[in-house]
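Q: Structure file run-v1.pdb (PDB, C-alpha atoms and all ligand atoms) right here:
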```pdb
ATOM      1  CA  MET A   8      -5.797  -4.581 -14.451  1.00  0.00           C
ATOM      2  CA  ASN A   9      -4.213  -1.220 -13.767  1.00  0.00           C
ATOM      3  CA  VAL A  10      -2.144  -0.413 -10.715  1.00  0.00           C
ATOM      4  CA  TYR A  11      -1.812   3.266  -9.873  1.00  0.00           C
ATOM      5  CA  PHE A  12       0.812   4.242  -7.305  1.00  0.00           C
ATOM      6  CA  LEU A  13      -1.007   6.752  -5.112  1.00  0.00           C
ATOM      7  CA  GLY A  14       1.964   7.164  -2.789  1.00  0.00           C
ATOM      8  CA  THR A  15       5.438   5.633  -2.594  1.00  0.00           C
ATOM      9  CA  GLY A  16       6.953   7.334   0.447  1.00  0.00           C
ATOM     10  CA  THR A  17       7.731   6.116   3.918  1.00  0.00           C
ATOM     11  CA  SER A  18       5.779   7.275   6.977  1.00  0.00           C
ATOM     12  CA  GLN A  19       6.750  10.972   6.930  1.00  0.00           C
ATOM     13  CA  GLY A  20       6.437  11.357   3.158  1.00  0.00           C
ATOM     14  CA  ILE A  21       8.919  13.268   0.985  1.00  0.00           C
ATOM     15  CA  PRO A  22       9.645  16.119   1.459  1.00  0.00           C
ATOM     16  CA  VAL A  23       9.796  15.675   5.212  1.00  0.00           C
ATOM     17  CA  ILE A  24       8.330  18.736   6.938  1.00  0.00           C
ATOM     18  CA  GLY A  25      11.074  21.278   7.625  1.00  0.00           C
ATOM     19  CA  SER A  26      13.863  19.165   6.092  1.00  0.00           C
ATOM     20  CA  MET A  27      16.753  20.782   4.216  1.00  0.00           C
ATOM     21  CA  HIS A  28      17.956  17.362   2.947  1.00  0.00           C
ATOM     22  CA  SER A  29      18.822  17.600  -0.761  1.00  0.00           C
ATOM     23  CA  VAL A  30      16.253  14.938  -1.726  1.00  0.00           C
ATOM     24  CA  CYS A  31      13.554  16.825   0.190  1.00  0.00           C
ATOM     25  CA  GLN A  32      14.614  19.973  -1.677  1.00  0.00           C
ATOM     26  CA  SER A  33      14.651  18.238  -5.085  1.00  0.00           C
ATOM     27  CA  THR A  34      12.510  19.727  -7.858  1.00  0.00           C
ATOM     28  CA  ASP A  35      12.151  16.349  -9.624  1.00  0.00           C
ATOM     29  CA  PHE A  36       8.505  15.301  -9.302  1.00  0.00           C
ATOM     30  CA  LYS A  37       9.697  11.695  -8.865  1.00  0.00           C
ATOM     31  CA  ASP A  38      11.341  12.733  -5.584  1.00  0.00           C
ATOM     32  CA  LYS A  39       8.007  13.825  -4.091  1.00  0.00           C
ATOM     33  CA  ARG A  40       6.360  10.911  -2.357  1.00  0.00           C
ATOM     34  CA  LEU A  41       3.070  10.784  -0.473  1.00  0.00           C
ATOM     35  CA  ARG A  42       2.395   8.055   2.064  1.00  0.00           C
ATOM     36  CA  VAL A  43       2.292   4.600   0.555  1.00  0.00           C
ATOM     37  CA  ALA A  44      -0.867   3.271  -1.144  1.00  0.00           C
ATOM     38  CA  VAL A  45      -2.025   1.856  -4.479  1.00  0.00           C
ATOM     39  CA  TRP A  46      -5.254   2.031  -6.442  1.00  0.00           C
ATOM     40  CA  ILE A  47      -6.121  -1.119  -8.378  1.00  0.00           C
ATOM     41  CA  HIS A  48      -8.802  -1.025 -11.023  1.00  0.00           C
ATOM     42  CA  TRP A  49     -10.101  -3.274 -13.794  1.00  0.00           C
ATOM     43  CA  GLU A  50     -13.374  -3.462 -15.742  1.00  0.00           C
ATOM     44  CA  GLN A  51     -15.908  -1.742 -13.443  1.00  0.00           C
ATOM     45  CA  TYR A  52     -14.022  -2.557 -10.237  1.00  0.00           C
ATOM     46  CA  SER A  53     -11.942  -0.190  -8.125  1.00  0.00           C
ATOM     47  CA  PHE A  54     -10.083  -0.983  -4.878  1.00  0.00           C
ATOM     48  CA  VAL A  55      -7.357   0.698  -2.871  1.00  0.00           C
ATOM     49  CA  ILE A  56      -4.728  -0.881  -0.656  1.00  0.00           C
ATOM     50  CA  ASP A  57      -4.344   1.242   2.479  1.00  0.00           C
ATOM     51  CA  CYS A  58      -5.787   4.631   3.284  1.00  0.00           C
ATOM     52  CA  GLY A  59      -3.117   6.822   4.839  1.00  0.00           C
ATOM     53  CA  PRO A  60      -3.130  10.520   5.742  1.00  0.00           C
ATOM     54  CA  ASP A  61      -2.751  11.604   2.087  1.00  0.00           C
ATOM     55  CA  PHE A  62      -5.846   9.694   0.919  1.00  0.00           C
ATOM     56  CA  ARG A  63      -7.907  12.761   0.023  1.00  0.00           C
ATOM     57  CA  GLN A  64      -5.145  14.302  -2.081  1.00  0.00           C
ATOM     58  CA  GLN A  65      -4.460  10.927  -3.710  1.00  0.00           C
ATOM     59  CA  MET A  66      -8.094  10.408  -4.692  1.00  0.00           C
ATOM     60  CA  LEU A  67      -8.244  13.908  -6.177  1.00  0.00           C
ATOM     61  CA  ARG A  68      -5.060  13.729  -8.217  1.00  0.00           C
ATOM     62  CA  SER A  69      -5.684  10.197  -9.508  1.00  0.00           C
ATOM     63  CA  ASN A  70      -9.277  11.132 -10.358  1.00  0.00           C
ATOM     64  CA  CYS A  71     -10.541   7.971  -8.653  1.00  0.00           C
ATOM     65  CA  GLN A  72     -14.336   8.021  -8.954  1.00  0.00           C
ATOM     66  CA  LYS A  73     -15.317   5.168  -6.643  1.00  0.00           C
ATOM     67  CA  VAL A  74     -13.880   2.757  -4.114  1.00  0.00           C
ATOM     68  CA  ASP A  75     -15.428  -0.713  -3.946  1.00  0.00           C
ATOM     69  CA  GLY A  76     -13.303  -1.533  -0.915  1.00  0.00           C
ATOM     70  CA  ILE A  77     -10.122  -0.819   1.027  1.00  0.00           C
ATOM     71  CA  LEU A  78      -7.639  -3.614   1.713  1.00  0.00           C
ATOM     72  CA  PHE A  79      -5.600  -2.793   4.793  1.00  0.00           C
ATOM     73  CA  THR A  80      -2.092  -4.145   5.249  1.00  0.00           C
ATOM     74  CA  HIS A  81      -1.799  -3.150   8.930  1.00  0.00           C
ATOM     75  CA  GLU A  82      -2.869  -0.479  11.403  1.00  0.00           C
ATOM     76  CA  HIS A  83       0.073   1.942  11.405  1.00  0.00           C
ATOM     77  CA  SER A  84      -1.030   5.526  10.838  1.00  0.00           C
ATOM     78  CA  ASP A  85       0.755   5.984   7.527  1.00  0.00           C
ATOM     79  CA  HIS A  86      -1.568   3.234   6.207  1.00  0.00           C
ATOM     80  CA  THR A  87      -4.843   4.126   7.960  1.00  0.00           C
ATOM     81  CA  ALA A  88      -5.026   7.763   9.076  1.00  0.00           C
ATOM     82  CA  GLY A  89      -7.089   8.916   6.062  1.00  0.00           C
ATOM     83  CA  LEU A  90     -10.112   6.746   6.801  1.00  0.00           C
ATOM     84  CA  ASP A  91     -12.391   9.710   7.551  1.00  0.00           C
ATOM     85  CA  ASP A  92     -11.893  10.950   3.981  1.00  0.00           C
ATOM     86  CA  ILE A  93     -13.884   8.032   2.525  1.00  0.00           C
ATOM     87  CA  ARG A  94     -16.912  10.267   3.202  1.00  0.00           C
ATOM     88  CA  PRO A  95     -17.510  11.360  -0.417  1.00  0.00           C
ATOM     89  CA  PHE A  96     -17.461   7.695  -1.508  1.00  0.00           C
ATOM     90  CA  PHE A  97     -19.763   6.726   1.384  1.00  0.00           C
ATOM     91  CA  PHE A  98     -22.256   9.441   0.401  1.00  0.00           C
ATOM     92  CA  LYS A  99     -22.402   8.093  -3.163  1.00  0.00           C
ATOM     93  CA  GLN A 100     -22.051   4.382  -2.535  1.00  0.00           C
ATOM     94  CA  GLY A 101     -23.109   3.556   1.037  1.00  0.00           C
ATOM     95  CA  ASP A 102     -21.066   1.539   3.539  1.00  0.00           C
ATOM     96  CA  ILE A 103     -17.518   1.044   2.265  1.00  0.00           C
ATOM     97  CA  PRO A 104     -16.153  -2.519   2.658  1.00  0.00           C
ATOM     98  CA  ILE A 105     -12.856  -2.604   4.534  1.00  0.00           C
ATOM     99  CA  TYR A 106     -10.709  -5.741   4.586  1.00  0.00           C
ATOM    100  CA  GLY A 107      -8.064  -6.445   7.186  1.00  0.00           C
ATOM    101  CA  HIS A 108      -6.783  -8.685   9.941  1.00  0.00           C
ATOM    102  CA  GLN A 109      -9.223  -8.788  12.887  1.00  0.00           C
ATOM    103  CA  ARG A 110      -6.584  -6.983  14.976  1.00  0.00           C
ATOM    104  CA  VAL A 111      -6.512  -4.140  12.437  1.00  0.00           C
ATOM    105  CA  ILE A 112     -10.306  -3.853  12.422  1.00  0.00           C
ATOM    106  CA  GLU A 113     -10.344  -3.714  16.239  1.00  0.00           C
ATOM    107  CA  ASN A 114      -7.651  -1.021  16.151  1.00  0.00           C
ATOM    108  CA  LEU A 115      -9.678   1.054  13.664  1.00  0.00           C
ATOM    109  CA  LYS A 116     -12.754   0.702  15.903  1.00  0.00           C
ATOM    110  CA  LYS A 117     -10.799   2.350  18.725  1.00  0.00           C
ATOM    111  CA  ARG A 118      -9.255   5.097  16.655  1.00  0.00           C
ATOM    112  CA  PHE A 119     -12.325   5.890  14.538  1.00  0.00           C
ATOM    113  CA  ASP A 120     -15.031   4.938  17.045  1.00  0.00           C
ATOM    114  CA  TYR A 121     -17.551   7.367  15.500  1.00  0.00           C
ATOM    115  CA  ILE A 122     -17.292   5.558  12.136  1.00  0.00           C
ATOM    116  CA  PHE A 123     -18.292   2.278  13.767  1.00  0.00           C
ATOM    117  CA  GLU A 124     -20.972   3.832  16.019  1.00  0.00           C
ATOM    118  CA  THR A 125     -24.376   2.180  15.640  1.00  0.00           C
ATOM    119  CA  GLU A 126     -26.461   4.391  17.978  1.00  0.00           C
ATOM    120  CA  ASN A 127     -26.813   8.172  17.785  1.00  0.00           C
ATOM    121  CA  LYS A 128     -24.338   8.286  14.952  1.00  0.00           C
ATOM    122  CA  TYR A 129     -23.319  11.767  13.871  1.00  0.00           C
ATOM    123  CA  PRO A 130     -25.054  12.525  10.571  1.00  0.00           C
ATOM    124  CA  GLY A 131     -22.320  12.850   7.973  1.00  0.00           C
ATOM    125  CA  ALA A 132     -19.939  10.363   9.572  1.00  0.00           C
ATOM    126  CA  PRO A 133     -19.041   7.599   7.128  1.00  0.00           C
ATOM    127  CA  SER A 134     -19.828   3.923   7.681  1.00  0.00           C
ATOM    128  CA  VAL A 135     -17.827   0.858   6.759  1.00  0.00           C
ATOM    129  CA  LYS A 136     -18.473  -2.839   6.337  1.00  0.00           C
ATOM    130  CA  PRO A 137     -15.561  -4.657   8.031  1.00  0.00           C
ATOM    131  CA  ILE A 138     -14.484  -7.965   6.504  1.00  0.00           C
ATOM    132  CA  GLU A 139     -11.922 -10.051   8.348  1.00  0.00           C
ATOM    133  CA  VAL A 140      -8.958 -11.317   6.352  1.00  0.00           C
ATOM    134  CA  ILE A 141      -7.633 -14.697   7.487  1.00  0.00           C
ATOM    135  CA  ASN A 142      -4.371 -16.117   6.235  1.00  0.00           C
ATOM    136  CA  ASN A 143      -4.688 -18.997   3.752  1.00  0.00           C
ATOM    137  CA  GLN A 144      -8.258 -17.927   2.984  1.00  0.00           C
ATOM    138  CA  PRO A 145      -8.398 -16.152  -0.384  1.00  0.00           C
ATOM    139  CA  PHE A 146     -11.426 -13.878  -0.742  1.00  0.00           C
ATOM    140  CA  ALA A 147     -13.330 -12.363  -3.638  1.00  0.00           C
ATOM    141  CA  ILE A 148     -13.004  -8.686  -4.529  1.00  0.00           C
ATOM    142  CA  GLY A 149     -15.039  -7.859  -7.605  1.00  0.00           C
ATOM    143  CA  ASN A 150     -14.596 -10.808  -9.950  1.00  0.00           C
ATOM    144  CA  LYS A 151     -11.044 -11.585  -8.770  1.00  0.00           C
ATOM    145  CA  MET A 152      -9.646 -13.524  -5.822  1.00  0.00           C
ATOM    146  CA  ALA A 153      -7.292 -11.793  -3.409  1.00  0.00           C
ATOM    147  CA  VAL A 154      -4.724 -14.049  -1.760  1.00  0.00           C
ATOM    148  CA  PRO A 155      -3.457 -12.783   1.619  1.00  0.00           C
ATOM    149  CA  ILE A 156       0.302 -13.007   2.069  1.00  0.00           C
ATOM    150  CA  ASN A 157       1.353 -13.084   5.710  1.00  0.00           C
ATOM    151  CA  VAL A 158       4.573 -11.137   6.401  1.00  0.00           C
ATOM    152  CA  MET A 159       6.303  -9.653   9.424  1.00  0.00           C
ATOM    153  CA  HIS A 160       7.066  -5.957   9.955  1.00  0.00           C
ATOM    154  CA  GLY A 161       9.524  -6.439  12.814  1.00  0.00           C
ATOM    155  CA  LYS A 162       7.269  -7.989  15.448  1.00  0.00           C
ATOM    156  CA  LEU A 163       4.009  -6.890  13.826  1.00  0.00           C
ATOM    157  CA  GLN A 164       2.010  -9.117  11.460  1.00  0.00           C
ATOM    158  CA  VAL A 165       1.132  -7.450   8.140  1.00  0.00           C
ATOM    159  CA  PHE A 166      -0.864  -8.698   5.142  1.00  0.00           C
ATOM    160  CA  GLY A 167       0.279  -8.286   1.574  1.00  0.00           C
ATOM    161  CA  TYR A 168      -2.093  -9.206  -1.230  1.00  0.00           C
ATOM    162  CA  ARG A 169      -1.809 -11.158  -4.482  1.00  0.00           C
ATOM    163  CA  LEU A 170      -4.331 -10.546  -7.255  1.00  0.00           C
ATOM    164  CA  GLY A 171      -3.716 -12.730 -10.290  1.00  0.00           C
ATOM    165  CA  ASP A 172      -0.169 -12.110 -11.514  1.00  0.00           C
ATOM    166  CA  PHE A 173       0.275  -9.030  -9.307  1.00  0.00           C
ATOM    167  CA  ALA A 174       1.395  -8.906  -5.671  1.00  0.00           C
ATOM    168  CA  TYR A 175       1.696  -5.939  -3.338  1.00  0.00           C
ATOM    169  CA  LEU A 176       3.846  -6.279  -0.231  1.00  0.00           C
ATOM    170  CA  THR A 177       4.782  -3.380   1.987  1.00  0.00           C
ATOM    171  CA  ASP A 178       6.394  -2.966   5.406  1.00  0.00           C
ATOM    172  CA  VAL A 179       8.082  -6.376   5.111  1.00  0.00           C
ATOM    173  CA  LYS A 180      11.122  -7.323   7.148  1.00  0.00           C
ATOM    174  CA  THR A 181      10.753 -11.123   7.205  1.00  0.00           C
ATOM    175  CA  ILE A 182       8.594 -13.660   5.387  1.00  0.00           C
ATOM    176  CA  ASP A 183       8.216 -17.416   5.846  1.00  0.00           C
ATOM    177  CA  GLN A 184       8.873 -19.969   3.111  1.00  0.00           C
ATOM    178  CA  ALA A 185       5.185 -20.957   3.044  1.00  0.00           C
ATOM    179  CA  GLU A 186       4.270 -17.363   2.148  1.00  0.00           C
ATOM    180  CA  ILE A 187       7.060 -17.004  -0.418  1.00  0.00           C
ATOM    181  CA  ALA A 188       5.580 -20.102  -2.104  1.00  0.00           C
ATOM    182  CA  LYS A 189       2.422 -18.035  -2.799  1.00  0.00           C
ATOM    183  CA  LEU A 190       4.456 -15.621  -4.938  1.00  0.00           C
ATOM    184  CA  LYS A 191       5.403 -17.888  -7.861  1.00  0.00           C
ATOM    185  CA  ASN A 192       5.031 -16.738 -11.479  1.00  0.00           C
ATOM    186  CA  LEU A 193       4.298 -13.078 -10.815  1.00  0.00           C
ATOM    187  CA  LYS A 194       4.316 -10.562 -13.626  1.00  0.00           C
ATOM    188  CA  VAL A 195       4.664  -7.681 -11.175  1.00  0.00           C
ATOM    189  CA  LEU A 196       5.812  -7.632  -7.574  1.00  0.00           C
ATOM    190  CA  VAL A 197       5.670  -4.434  -5.523  1.00  0.00           C
ATOM    191  CA  ILE A 198       7.953  -4.589  -2.503  1.00  0.00           C
ATOM    192  CA  ASN A 199       9.181  -2.098   0.105  1.00  0.00           C
ATOM    193  CA  ALA A 200      12.777  -0.804   0.127  1.00  0.00           C
ATOM    194  CA  LEU A 201      13.371   1.907   2.706  1.00  0.00           C
ATOM    195  CA  ARG A 202      17.010   2.965   2.334  1.00  0.00           C
ATOM    196  CA  GLU A 203      20.498   1.467   2.056  1.00  0.00           C
ATOM    197  CA  GLU A 204      21.136   1.203   5.814  1.00  0.00           C
ATOM    198  CA  PRO A 205      19.489  -1.690   7.692  1.00  0.00           C
ATOM    199  CA  HIS A 206      16.260  -1.039   9.610  1.00  0.00           C
ATOM    200  CA  HIS A 207      14.627  -3.156  12.343  1.00  0.00           C
ATOM    201  CA  SER A 208      11.245  -3.472  10.645  1.00  0.00           C
ATOM    202  CA  HIS A 209      11.717  -2.686   6.940  1.00  0.00           C
ATOM    203  CA  PHE A 210      13.675  -4.260   4.081  1.00  0.00           C
ATOM    204  CA  ASN A 211      16.595  -2.096   3.097  1.00  0.00           C
ATOM    205  CA  LEU A 212      17.508  -1.889  -0.593  1.00  0.00           C
ATOM    206  CA  GLN A 213      19.755  -4.975  -0.601  1.00  0.00           C
ATOM    207  CA  GLU A 214      17.184  -7.091   1.271  1.00  0.00           C
ATOM    208  CA  ALA A 215      14.514  -6.066  -1.235  1.00  0.00           C
ATOM    209  CA  LEU A 216      16.796  -6.932  -4.190  1.00  0.00           C
ATOM    210  CA  ASP A 217      17.651 -10.306  -2.629  1.00  0.00           C
ATOM    211  CA  PHE A 218      13.948 -10.991  -2.128  1.00  0.00           C
ATOM    212  CA  ILE A 219      13.214 -10.079  -5.763  1.00  0.00           C
ATOM    213  CA  ALA A 220      16.007 -12.434  -6.910  1.00  0.00           C
ATOM    214  CA  LEU A 221      14.397 -15.193  -4.845  1.00  0.00           C
ATOM    215  CA  VAL A 222      10.798 -14.641  -6.026  1.00  0.00           C
ATOM    216  CA  GLN A 223      11.788 -13.892  -9.662  1.00  0.00           C
ATOM    217  CA  PRO A 224       8.836 -11.805 -10.827  1.00  0.00           C
ATOM    218  CA  GLU A 225       8.998 -10.528 -14.416  1.00  0.00           C
ATOM    219  CA  LYS A 226       9.207  -6.993 -13.022  1.00  0.00           C
ATOM    220  CA  ALA A 227       9.507  -5.509  -9.556  1.00  0.00           C
ATOM    221  CA  TYR A 228       8.690  -2.021  -8.282  1.00  0.00           C
ATOM    222  CA  LEU A 229      10.128  -0.648  -5.053  1.00  0.00           C
ATOM    223  CA  THR A 230       8.007   1.463  -2.713  1.00  0.00           C
ATOM    224  CA  HIS A 231       7.771   2.835   0.887  1.00  0.00           C
ATOM    225  CA  ILE A 232      10.907   4.861   0.187  1.00  0.00           C
ATOM    226  CA  SER A 233      12.767   7.196   2.557  1.00  0.00           C
ATOM    227  CA  HIS A 234      14.403  10.415   1.363  1.00  0.00           C
ATOM    228  CA  ILE A 235      17.746   9.012   2.529  1.00  0.00           C
ATOM    229  CA  LEU A 236      17.607   6.318  -0.179  1.00  0.00           C
ATOM    230  CA  GLY A 237      18.658   9.141  -2.512  1.00  0.00           C
ATOM    231  CA  PHE A 238      17.506  10.878  -5.697  1.00  0.00           C
ATOM    232  CA  HIS A 239      15.089   8.833  -7.810  1.00  0.00           C
ATOM    233  CA  GLU A 240      17.142   9.108 -11.013  1.00  0.00           C
ATOM    234  CA  GLU A 241      20.427   8.152  -9.326  1.00  0.00           C
ATOM    235  CA  VAL A 242      18.973   5.174  -7.453  1.00  0.00           C
ATOM    236  CA  GLN A 243      17.150   3.928 -10.557  1.00  0.00           C
ATOM    237  CA  GLN A 244      20.430   3.741 -12.494  1.00  0.00           C
ATOM    238  CA  LYS A 245      21.899   1.371  -9.899  1.00  0.00           C
ATOM    239  CA  LEU A 246      19.032  -1.142 -10.051  1.00  0.00           C
ATOM    240  CA  PRO A 247      18.939  -4.453 -11.963  1.00  0.00           C
ATOM    241  CA  LYS A 248      17.197  -4.244 -15.328  1.00  0.00           C
ATOM    242  CA  ASN A 249      13.801  -5.644 -14.235  1.00  0.00           C
ATOM    243  CA  VAL A 250      13.636  -3.551 -11.046  1.00  0.00           C
ATOM    244  CA  TYR A 251      12.170  -0.045 -10.931  1.00  0.00           C
ATOM    245  CA  LEU A 252      11.717   2.555  -8.256  1.00  0.00           C
ATOM    246  CA  ALA A 253       8.033   3.320  -8.160  1.00  0.00           C
ATOM    247  CA  TYR A 254       7.022   6.981  -8.039  1.00  0.00           C
ATOM    248  CA  ASP A 255       3.789   8.776  -7.256  1.00  0.00           C
ATOM    249  CA  ASN A 256       1.193   8.789 -10.051  1.00  0.00           C
ATOM    250  CA  LEU A 257       2.955   6.010 -11.977  1.00  0.00           C
ATOM    251  CA  GLU A 258       0.316   3.731 -13.466  1.00  0.00           C
ATOM    252  CA  ILE A 259       1.139   0.297 -14.803  1.00  0.00           C
ATOM    253  CA  SER A 260      -1.042  -2.119 -16.701  1.00  0.00           C
ATOM    254  CA  ILE A 261      -0.938  -5.856 -16.033  1.00  0.00           C
ATOM    255  CA  LYS A 262      -2.461  -8.077 -18.717  1.00  0.00           C
TER     256      LYS A 262
HETATM  257 ZN    ZN A 301       4.389   1.934   6.656  1.00  0.00          ZN
END
```
Translate the structure described by the file into C-alpha cells.
Ligand SMILES: [Zn+2]
A:
Amino acid sequence: MNVYFLGTGTSQGIPVIGSMHSVCQSTDFKDKRLRVAVWIHWEQYSFVIDCGPDFRQQMLRSNCQKVDGILFTHEHSDHTAGLDDIRPFFFKQGDIPIYGHQRVIENLKKRFDYIFETENKYPGAPSVKPIEVINNQPFAIGNKMAVPINVMHGKLQVFGYRLGDFAYLTDVKTIDQAEIAKLKNLKVLVINALREEPHHSHFNLQEALDFIALVQPEKAYLTHISHILGFHEEVQQKLPKNVYLAYDNLEISIK
C-alpha cells in the first residue's frame, strides 16, 4: 500500500496569504504545505482521506486517476471544502462513495445541498453515495478493512482511520485508552503536530511525540503543520530517529 501526502499544512496552508514570516517566504519546497490530506492506493484501489480546498491541485500534481471513495475525518473546511472538485471523477466513475460520521454527512448536505439534490438536479453537479461511519464498526474499502479511531479535536469528535499496519490521525487533541488500544503494532502512524506552543484543539509537537512514544509505531510522520513550527529541515533535525516531518508529495510504501 502506498500513502501519498497530498497536503501537510494546517488550515491556512503554507505560505499563509500575505505573510512575511520567514517560513512562508522559504524557497525550500518542503516548507510549502497545502491543506492536509492523504491519498492511499494499493492494487487497483484508490482512496483519499479528506477533501479540502486544495483537492483539485492535489489530484493534478499527484496524478491520481480515480477515487474509489473519500474518508472524511470531520467537517471543518480545511478537510471538506474541495468536495465540488470530485466532478471529473464523478463523470468517469459515477456516484463517489463518501464515508464519515453521520454528523459530518449532515453537515455536507447543508453546505453542498446541490450535490445531494435528488430533484431538478443541475446537470454537471456531482453526486455522492454517503456511507455512515460508526465507531467500533470496521468497514470494507476495496479489499481492506478500515478501522475507525475515535478522537477528540477539542470538543469536536473526529475519526482517524487504521488500514492494516497504517493509521492516519489528524486534528487530535485527546484520545481515550480504548481507542489507543486499536493502534498496537503499527508500521506507520501519521499524527498531527501543529507547533511548539500549546493549542486548545490540536496536539503541539511535544504532545505528538509523547503520543508516538506511547503507541510505539515503527515509524511516525507528523502532519497538519503550522508555519510557526519552523523550517522543515531545522525541525526534522530535532526529532527522534523514527519520527519524520511529512511534506507535500512525499510518498511512502507500507508492505
Ligand atoms: Zn484541520
Q: Looking at only C-alpha atoms, which of A:Thr125, A:Gln244, A:Thr17, A:Asn114 is the one that sits closest to Glu82 of chain A?
A: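 The closest residue to Glu82 of chain A is A:Asn114.
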Q: For the contact check between chain A and ligand ZN 301 (chain A), emit one row per residue of chain A within 12 Å, containing the shortest atom pair and the distance in Å rounded to one decimal, counting only C-alpha atoms and all ligand atoms, chain then rising number order, as a tab-separated table.
A:
```
residue	atom	partner	partner_atom	distance
A:Gly14	CA	A:ZN301	ZN	11.1
A:Thr15	CA	A:ZN301	ZN	10.0
A:Gly16	CA	A:ZN301	ZN	8.6
A:Thr17	CA	A:ZN301	ZN	6.0
A:Ser18	CA	A:ZN301	ZN	5.5
A:Gln19	CA	A:ZN301	ZN	9.3
A:Gly20	CA	A:ZN301	ZN	10.3
A:Leu41	CA	A:ZN301	ZN	11.4
A:Arg42	CA	A:ZN301	ZN	7.9
A:Val43	CA	A:ZN301	ZN	7.0
A:Ala44	CA	A:ZN301	ZN	9.5
A:Asp57	CA	A:ZN301	ZN	9.7
A:Cys58	CA	A:ZN301	ZN	11.1
A:Gly59	CA	A:ZN301	ZN	9.1
A:Pro60	CA	A:ZN301	ZN	11.4
A:Phe79	CA	A:ZN301	ZN	11.2
A:Thr80	CA	A:ZN301	ZN	9.0
A:His81	CA	A:ZN301	ZN	8.3
A:Glu82	CA	A:ZN301	ZN	9.0
A:His83	CA	A:ZN301	ZN	6.4
A:Ser84	CA	A:ZN301	ZN	7.7
A:Asp85	CA	A:ZN301	ZN	5.5
A:His86	CA	A:ZN301	ZN	6.1
A:Thr87	CA	A:ZN301	ZN	9.6
A:Ala88	CA	A:ZN301	ZN	11.3
A:His160	CA	A:ZN301	ZN	9.0
A:Gly161	CA	A:ZN301	ZN	11.6
A:Leu163	CA	A:ZN301	ZN	11.4
A:Val165	CA	A:ZN301	ZN	10.0
A:Phe166	CA	A:ZN301	ZN	12.0
A:Leu176	CA	A:ZN301	ZN	10.7
A:Thr177	CA	A:ZN301	ZN	7.1
A:Asp178	CA	A:ZN301	ZN	5.4
A:Val179	CA	A:ZN301	ZN	9.2
A:Lys180	CA	A:ZN301	ZN	11.5
A:Ile198	CA	A:ZN301	ZN	11.8
A:Asn199	CA	A:ZN301	ZN	9.1
A:Ala200	CA	A:ZN301	ZN	11.0
A:Leu201	CA	A:ZN301	ZN	9.8
A:Ser208	CA	A:ZN301	ZN	9.6
A:His209	CA	A:ZN301	ZN	8.7
A:Phe210	CA	A:ZN301	ZN	11.5
A:Thr230	CA	A:ZN301	ZN	10.1
A:His231	CA	A:ZN301	ZN	6.7
A:Ile232	CA	A:ZN301	ZN	9.6
A:Ser233	CA	A:ZN301	ZN	10.7
```
Q: Evaluating the PyMOL selection byres (((chain A and resi 66) around 12) and not hetatm) on the displayed file yields which residues, as a VMD selection string?
A: chain A and resid 11 to 14 41 44 to 46 53 to 55 58 to 65 67 to 74 89 92 to 96 256
Q: Using all atoms listed in the file, pick whichever of A:Glu113, A:Asp172, A:Glu225, A:Asp75 has the shortest atom-to-atom distance to Met8 of chain A.
A: A:Asp172
Q: Which centre and which edge lengths, in Å to one decimal, describe the axis-aligned box that holds all listed atoms of segment 98-102 of chain A after 5 Å is added on each side, as lines of an AutoDock Vina configuration file?
A:
```
center_x = -22.1
center_y = 5.5
center_z = 0.2
size_x = 12.0
size_y = 17.9
size_z = 16.7
```
Q: Could you state the separation of atom CA of Glu186 of chain A and atom CA of Asn157 of chain A in Å, given to one decimal place?
A: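 For atom CA of Glu186 of chain A relative to atom CA of Asn157 of chain A, the distance reads 6.3 Å.
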Q: Closest to Ile235 of chain A among A:Met27, A:Val111, A:Leu221, A:Val10, using only C-alpha atoms?
A: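 Between A:Met27, A:Val111, A:Leu221, A:Val10, the residue approaching Ile235 of chain A most closely is A:Met27.
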Q: Suppose a student applies the PyMOL selection byres (((chain A and resi 30) around 10) and not hetatm) to this structure; what residues should they get, written as an MDAnalysis selection string?
A: chainID A and resid 21:23 26:29 31:35 38:39 233:239
Q: What does the distance between atom CA of Leu246 of chain A and atom CA of Phe218 of chain A come to in Å, to one decimal place?
A: 13.6 Å
Q: Compare A:Ala185, A:Val242, A:Met159, A:Ala174 by their minimum atom-to-atom distance to Ala227 of chain A, counting only C-alpha atoms, and give me the closest one.
A: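 With only C-alpha atoms as the atom set, the closest residue is A:Ala174.
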Q: Exactly which residues make up the result of the PyMOL selection byres (((chain A and resi 187) around 12) and not hetatm) on this file, given as a list in words?
A: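 When the PyMOL selection byres (((chain A and resi 187) around 12) and not hetatm) is applied, the selected residues are Pro155, Ile156, Asn157, Val158, Gly167, Arg169, Ala174, Leu176, Thr181, Ile182, Asp183, Gln184, Ala185, Glu186, Ala188, Lys189, Leu190, Lys191, Asn192, Leu193, Leu196, Phe218, Ile219, Ala220, Leu221, Val222, Gln223 and Pro224 of chain A.
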Q: Expressed in Å to a single decimal, how great is the separation between atom CA of His108 of chain A and atom CA of Leu90 of chain A?
A: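 Here the two named atoms are 16.1 Å from each other.
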Q: Need to verify the contact set: Pro145 of chain A, 8 Å, all atoms listed in the file, exclusion of same-chain residues closer than 4 positions in sequence. Can you return it as a list in words?
A: Met152, Ala153, Val154 and Pro155 of chain A
Q: Got a sec: who's within 6 Å of segment 132-138 of chain A, counting all atoms listed in the file, leaving out chain neighbours fewer than 5 positions off, as a PyMOL selection string?
A: chain A and resi 94+97+102-106+122
Q: How about saving the chosen residues, C-alpha atoms kept, as a PDB file, in the coordinates of the input?
A:
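Result file again19.pdb:
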```
ATOM      1  CA  ARG A  94     -16.912  10.267   3.202  1.00  0.00           C
ATOM      2  CA  PHE A  97     -19.763   6.726   1.384  1.00  0.00           C
ATOM      3  CA  ASP A 102     -21.066   1.539   3.539  1.00  0.00           C
ATOM      4  CA  ILE A 103     -17.518   1.044   2.265  1.00  0.00           C
ATOM      5  CA  PRO A 104     -16.153  -2.519   2.658  1.00  0.00           C
ATOM      6  CA  ILE A 105     -12.856  -2.604   4.534  1.00  0.00           C
ATOM      7  CA  TYR A 106     -10.709  -5.741   4.586  1.00  0.00           C
ATOM      8  CA  ILE A 122     -17.292   5.558  12.136  1.00  0.00           C
TER       9      ILE A 122
END
```
Q: What's around segment 148-151 of chain A at 7 Å? Count all atoms listed in the file, leave out sequence neighbours fewer than 2 positions away in its own chain, and write the answer as a list in words.
A: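 My reading of the contact set: Tyr52, Phe146, Ala153 and Leu170 of chain A.
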